[in-house]
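Worksheet for the structure shown next.
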Amino acid sequence: MAARFHGAATQAIGISKNILNRSFNLDQDTLAELEAAAQAMVMKTEYHQNAVARFLNKQPRAFEWPPKRVPGRG
């Protein structure tokens, strides 16, 4: 499973995991606020800036979900 996240934004994964872990004890409004704050934080990362530049320059994405299947690998 971890191999699927190769090339993904580590900051975004960490924040998402944190919010998911907290989601069982929080109401929907609080979760929406956490999500908005998380989006604001990751939009300032170098990973996001590079992703936007790749998009604007019509370059392929650095991360695919679901990942493309490689013959011979699960």
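Every chain in the structure tokens has a letter given in the order shown (A, B, ...), and although residue numbers restart at 1 in each chain, ligands are simply numbered from 1 in the order shown.
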
For stretch 45-51 of chain A, please output as a count of residues only all residues within 10 Å (counting only C-alpha atoms; exclusion window: fewer than 2 positions along the same chain). 20

Non-local contacts of A:Ser16 (12 Å; only C-alpha atoms; under 2 positions in same chain excluded) as number ranges by chain: A: 9-14, 18-23, 31, 34-39, 41-42

Convert the current residue selection to file output with C-alpha atoms, as a PDB file, in the first residue's frame.
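Resulting contents of again.pdb:
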```
ATOM      1  CA  ALA A   9       3.013  15.123  -1.281  1.00  0.00           C
ATOM      2  CA  THR A  10       4.230  13.976   2.129  1.00  0.00           C
ATOM      3  CA  GLN A  11       2.903  17.080   3.900  1.00  0.00           C
ATOM      4  CA  ALA A  12      -0.573  16.543   2.478  1.00  0.00           C
ATOM      5  CA  ILE A  13      -0.555  12.859   3.422  1.00  0.00           C
ATOM      6  CA  GLY A  14       0.517  13.665   6.980  1.00  0.00           C
ATOM      7  CA  ASN A  18      -4.021  13.577  11.228  1.00  0.00           C
ATOM      8  CA  ILE A  19      -7.473  14.869  10.276  1.00  0.00           C
ATOM      9  CA  LEU A  20      -8.729  11.337   9.605  1.00  0.00           C
ATOM     10  CA  ASN A  21      -7.524  10.173  13.016  1.00  0.00           C
ATOM     11  CA  ARG A  22      -9.308  13.094  14.685  1.00  0.00           C
ATOM     12  CA  SER A  23     -12.485  12.786  12.603  1.00  0.00           C
ATOM     13  CA  LEU A  31     -13.796  18.884  10.242  1.00  0.00           C
ATOM     14  CA  LEU A  34      -9.639  21.626   9.607  1.00  0.00           C
ATOM     15  CA  GLU A  35      -9.873  20.711   5.930  1.00  0.00           C
ATOM     16  CA  ALA A  36      -9.893  24.370   4.881  1.00  0.00           C
ATOM     17  CA  ALA A  37      -6.886  25.105   7.087  1.00  0.00           C
ATOM     18  CA  ALA A  38      -5.063  22.061   5.699  1.00  0.00           C
ATOM     19  CA  GLN A  39      -5.670  23.169   2.111  1.00  0.00           C
ATOM     20  CA  MET A  41      -1.186  25.080   4.437  1.00  0.00           C
ATOM     21  CA  VAL A  42      -0.379  22.697   1.592  1.00  0.00           C
TER      22      VAL A  42
END
```

Determine which residues of chain A DSSP labels as helix (DSSP H, G or I) from the backbone of this structure, then write them out as a count of residues only. 46

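The coordinates place atom CA of A:Lys44 at 27.2 Å from atom CA of A:Met1.
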